[in-house]
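Raw structure36.cif, mmCIF, C-alpha atoms:
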```
data_entry
#
loop_
_atom_site.group_PDB
_atom_site.id
_atom_site.type_symbol
_atom_site.label_atom_id
_atom_site.label_comp_id
_atom_site.auth_asym_id
_atom_site.auth_seq_id
_atom_site.Cartn_x
_atom_site.Cartn_y
_atom_site.Cartn_z
ATOM 1 C CA MET A 601 115.579 145.307 124.015
ATOM 2 C CA ALA A 602 116.144 141.576 124.569
ATOM 3 C CA LYS A 603 116.672 139.366 121.561
ATOM 4 C CA ALA A 604 113.912 136.786 121.056
ATOM 5 C CA THR A 605 115.105 133.208 121.411
ATOM 6 C CA ASP A 606 114.304 130.570 118.812
ATOM 7 C CA ARG A 607 112.349 127.749 120.455
ATOM 8 C CA ARG A 608 112.852 125.272 117.622
ATOM 9 C CA GLU A 609 114.410 121.972 118.616
ATOM 10 C CA THR A 610 116.328 121.508 115.363
ATOM 11 C CA GLN A 611 118.279 123.940 113.223
ATOM 12 C CA ARG A 612 116.591 125.188 110.045
ATOM 13 C CA PHE A 613 118.493 125.649 106.810
ATOM 14 C CA ASN A 614 117.587 128.198 104.145
ATOM 15 C CA ILE A 615 117.161 126.035 101.079
ATOM 16 C CA HIS A 616 115.083 126.772 98.003
ATOM 17 C CA LEU A 617 113.916 123.613 96.231
ATOM 18 C CA PRO A 618 110.883 122.764 94.083
ATOM 19 C CA ILE A 619 108.098 121.133 96.118
ATOM 20 C CA HIS A 620 104.920 119.346 95.029
ATOM 21 C CA PHE A 621 102.200 118.908 97.647
ATOM 22 C CA ARG A 622 98.593 117.934 98.197
ATOM 23 C CA ILE A 623 96.223 117.970 101.124
ATOM 24 C CA SER A 624 94.963 114.484 102.025
ATOM 25 C CA GLN A 625 91.221 114.446 102.594
ATOM 26 C CA ARG A 626 89.093 111.369 103.179
ATOM 27 C CA GLY A 627 86.796 110.490 100.322
ATOM 28 C CA GLU A 628 88.190 113.213 98.060
ATOM 29 C CA THR A 629 90.835 113.233 95.381
ATOM 30 C CA SER A 630 93.054 116.234 95.921
ATOM 31 C CA ARG A 631 95.119 117.920 93.252
ATOM 32 C CA TRP A 632 98.860 118.362 93.406
ATOM 33 C CA ALA A 633 100.122 121.935 93.676
ATOM 34 C CA THR A 634 103.641 123.332 93.419
ATOM 35 C CA GLY A 635 105.774 125.733 95.403
ATOM 36 C CA VAL A 636 109.309 126.446 96.548
ATOM 37 C CA THR A 637 110.784 125.660 99.953
ATOM 38 C CA CYS A 638 111.987 128.553 102.122
ATOM 39 C CA ASP A 639 113.680 126.592 104.876
ATOM 40 C CA MET A 640 113.883 123.040 106.178
ATOM 41 C CA SER A 641 114.932 121.055 109.221
ATOM 42 C CA SER A 642 114.878 117.353 110.017
ATOM 43 C CA ASN A 643 111.280 117.624 111.213
ATOM 44 C CA GLY A 644 109.723 120.568 109.370
ATOM 45 C CA VAL A 645 109.547 122.609 106.208
ATOM 46 C CA THR A 646 108.276 126.069 105.283
ATOM 47 C CA PHE A 647 107.365 126.727 101.661
ATOM 48 C CA ARG A 648 105.737 129.295 99.413
ATOM 49 C CA CYS A 649 102.300 128.438 98.054
ATOM 50 C CA ARG A 650 99.604 130.283 96.107
ATOM 51 C CA LYS A 651 96.806 130.120 98.688
ATOM 52 C CA PRO A 652 96.337 129.435 102.397
ATOM 53 C CA LEU A 653 96.259 125.793 103.461
ATOM 54 C CA PRO A 654 93.931 124.543 106.210
ATOM 55 C CA ILE A 655 95.636 124.464 109.625
ATOM 56 C CA GLY A 656 95.821 120.906 110.948
ATOM 57 C CA ALA A 657 95.372 119.331 107.505
ATOM 58 C CA HIS A 658 97.375 116.227 106.612
ATOM 59 C CA ILE A 659 99.725 116.942 103.704
ATOM 60 C CA GLU A 660 101.807 114.826 101.307
ATOM 61 C CA MET A 661 104.960 116.398 99.848
ATOM 62 C CA THR A 662 107.600 115.573 97.248
ATOM 63 C CA ILE A 663 110.717 117.745 97.346
ATOM 64 C CA GLU A 664 113.223 117.620 94.486
ATOM 65 C CA TRP A 665 116.537 116.962 96.239
ATOM 66 C CA PRO A 666 119.816 118.471 94.959
ATOM 67 C CA ALA A 667 121.905 115.319 94.384
ATOM 68 C CA ARG A 668 125.326 116.485 93.272
ATOM 69 C CA GLN A 669 127.494 114.247 91.128
ATOM 70 C CA ASP A 670 124.607 111.808 90.694
ATOM 71 C CA PRO A 671 122.759 111.307 87.400
ATOM 72 C CA ASN A 672 119.808 109.726 89.235
ATOM 73 C CA ALA A 673 116.857 111.846 90.341
ATOM 74 C CA VAL A 674 116.479 112.008 94.129
ATOM 75 C CA GLU A 675 113.284 113.108 95.869
ATOM 76 C CA LEU A 676 112.357 113.521 99.499
ATOM 77 C CA LEU A 677 108.878 112.084 100.094
ATOM 78 C CA ALA A 678 107.273 113.364 103.287
ATOM 79 C CA THR A 679 103.971 113.619 105.117
ATOM 80 C CA GLY A 680 102.947 115.867 107.952
ATOM 81 C CA PHE A 681 100.486 118.418 109.249
ATOM 82 C CA VAL A 682 100.053 122.093 108.393
ATOM 83 C CA ILE A 683 100.862 124.107 111.523
ATOM 84 C CA ARG A 684 100.895 127.669 110.083
ATOM 85 C CA SER A 685 99.582 129.151 106.872
ATOM 86 C CA SER A 686 99.178 132.544 105.235
ATOM 87 C CA ALA A 687 98.188 133.693 101.755
ATOM 88 C CA SER A 688 101.649 132.877 100.395
ATOM 89 C CA LYS A 689 103.424 130.572 102.872
ATOM 90 C CA ALA A 690 102.820 127.361 104.821
ATOM 91 C CA ALA A 691 104.735 125.613 107.611
ATOM 92 C CA VAL A 692 104.510 121.845 108.022
ATOM 93 C CA SER A 693 105.547 119.580 110.870
ATOM 94 C CA MET A 694 106.793 116.394 109.185
ATOM 95 C CA THR A 695 105.687 113.071 110.674
ATOM 96 C CA ALA A 696 107.406 110.740 108.170
ATOM 97 C CA HIS A 697 109.940 111.063 105.392
ATOM 98 C CA ARG A 698 112.100 108.945 103.104
ATOM 99 C CA PHE A 699 114.259 109.423 100.031
ATOM 100 C CA ARG A 700 113.375 107.928 96.655
ATOM 101 C CA VAL A 701 116.051 107.452 93.983
ATOM 102 C CA ASP A 702 115.017 107.038 90.354
ATOM 103 C CA ALA A 703 117.839 105.043 88.758
ATOM 104 C CA ASN A 704 116.385 105.559 85.274
ATOM 105 C CA ALA A 705 116.385 109.337 85.415
ATOM 106 C CA GLY A 706 119.969 109.618 84.130
ATOM 107 C CA GLU A 707 119.312 107.592 80.983
ATOM 108 C CA PRO A 708 118.030 109.272 77.834
ATOM 109 C CA MET A 709 114.581 108.264 76.645
ATOM 110 C CA GLY A 710 114.748 105.079 74.584
ATOM 111 C CA ALA A 711 118.200 104.124 75.866
ATOM 112 C CA ILE A 712 118.859 100.415 76.097
ATOM 113 C CA ALA A 713 121.002 99.271 79.014
#
```
Could you quickly redo this structure as structure tokens?
Amino acid sequence: MAKATDRRETQRFNIHLPIHFRISQRGETSRWATGVTCDMSSNGVTFRCRKPLPIGAHIEMTIEWPARQDPNAVELLATGFVIRSSASKAAVSMTAHRFRVDANAGEPMGAIA
């Protein structure tokens, strides 16, 4: 039996990070939901979710990034389109992404610099 080849253009990495996401719909305010990533690449992410997401829907995502040795909170902000979805998992093709660093996250509440 021949081994199936992976047609992905970029390598995926198994990484489990908290993700917050919402479907962008014109004229409607969508609610943020949470999940956990299963794997990621430079142009896509698969994550666990509680219900199926509409195929082709535009999605906004915030992924909590593991910034070692850094007291600042780092997040990956991304947008894309849902390309696969089941009852417990969704795959997204990312169209844009950037990192956001919160320089105040390392300071205790009420701290004066």
What is the distance, in Å and to one decimal place, between atom CA of A:Ser688 and atom CA of A:Leu676?
22.1 Å
Could you work out how far atom CA of A:Ser693 lies from atom CA of A:Gly680, giving the answer in Å with one decimal?
5.4 Å
Determine, counting all atoms listed in the file, every residue of protein, DNA or RNA that lies within 12 Å of (113.7, 117.0, 108.8) in the file coordinates, then give the result as a ChimeraX atom specification.
/A:609-613,639-646,663,676-680,692-699
Select, from A:Thr637, A:Asn704, A:Asn614, A:Ser630, the residue with the minimum atom-to-atom distance to A:Glu664, counting only C-alpha atoms.
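Ranking A:Thr637, A:Asn704, A:Asn614, A:Ser630 by distance to A:Glu664, first place goes to A:Thr637.
Straight-line separation from atom CA of A:Val674 to atom CA of A:His616: 15.3 Å.
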As a list of chain:residue names, please: the residues near A:Gln625 (cut-off 10 Å, only C-alpha atoms, same-chain neighbours under 5 positions excluded).
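Returned residues: A:Ser630, A:Ala657, A:His658, A:Ile659.
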If we count all atoms listed in the file and set the cut-off at 6 Å, which residues sit around stretch 682-687 of chain A, ignoring sequence neighbours fewer than 5 positions away in its own chain? Please answer as a ChimeraX atom specification.
/A:651-653,655-657,692
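Minimum atom-to-atom distance to A:Met661, evaluated using all atoms listed in the file, belongs to A:Ile619 out of A:Cys649, A:Cys638, A:Val701, A:Ile619.
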So, counting all atoms listed in the file, which residue among A:Ala691, A:Ala673, A:Trp632, A:Arg626 is closest to A:Pro654?
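Closest to A:Pro654, using all atoms listed in the file: A:Ala691.
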List every protein, DNA or RNA residue with an atom no more than 7 Å from (109.2, 120.2, 95.1) in the file's coordinates, counting all atoms listed in the file, and format the result as a VMD selection string.
chain A and resid 617 to 620 634 to 636 662 to 664
So that I have them on file, write out the residues from the current selection with C-alpha atoms, as a compact mmCIF listing (two decimals), keeping the file's coordinate frame.
```
# COMPACT_ATOMS: atom_id res chain seq x y z
CA LEU A 617 113.92 123.61 96.23
CA PRO A 618 110.88 122.76 94.08
CA ILE A 619 108.10 121.13 96.12
CA HIS A 620 104.92 119.35 95.03
CA THR A 634 103.64 123.33 93.42
CA GLY A 635 105.77 125.73 95.40
CA VAL A 636 109.31 126.45 96.55
CA THR A 662 107.60 115.57 97.25
CA ILE A 663 110.72 117.74 97.35
CA GLU A 664 113.22 117.62 94.49
```
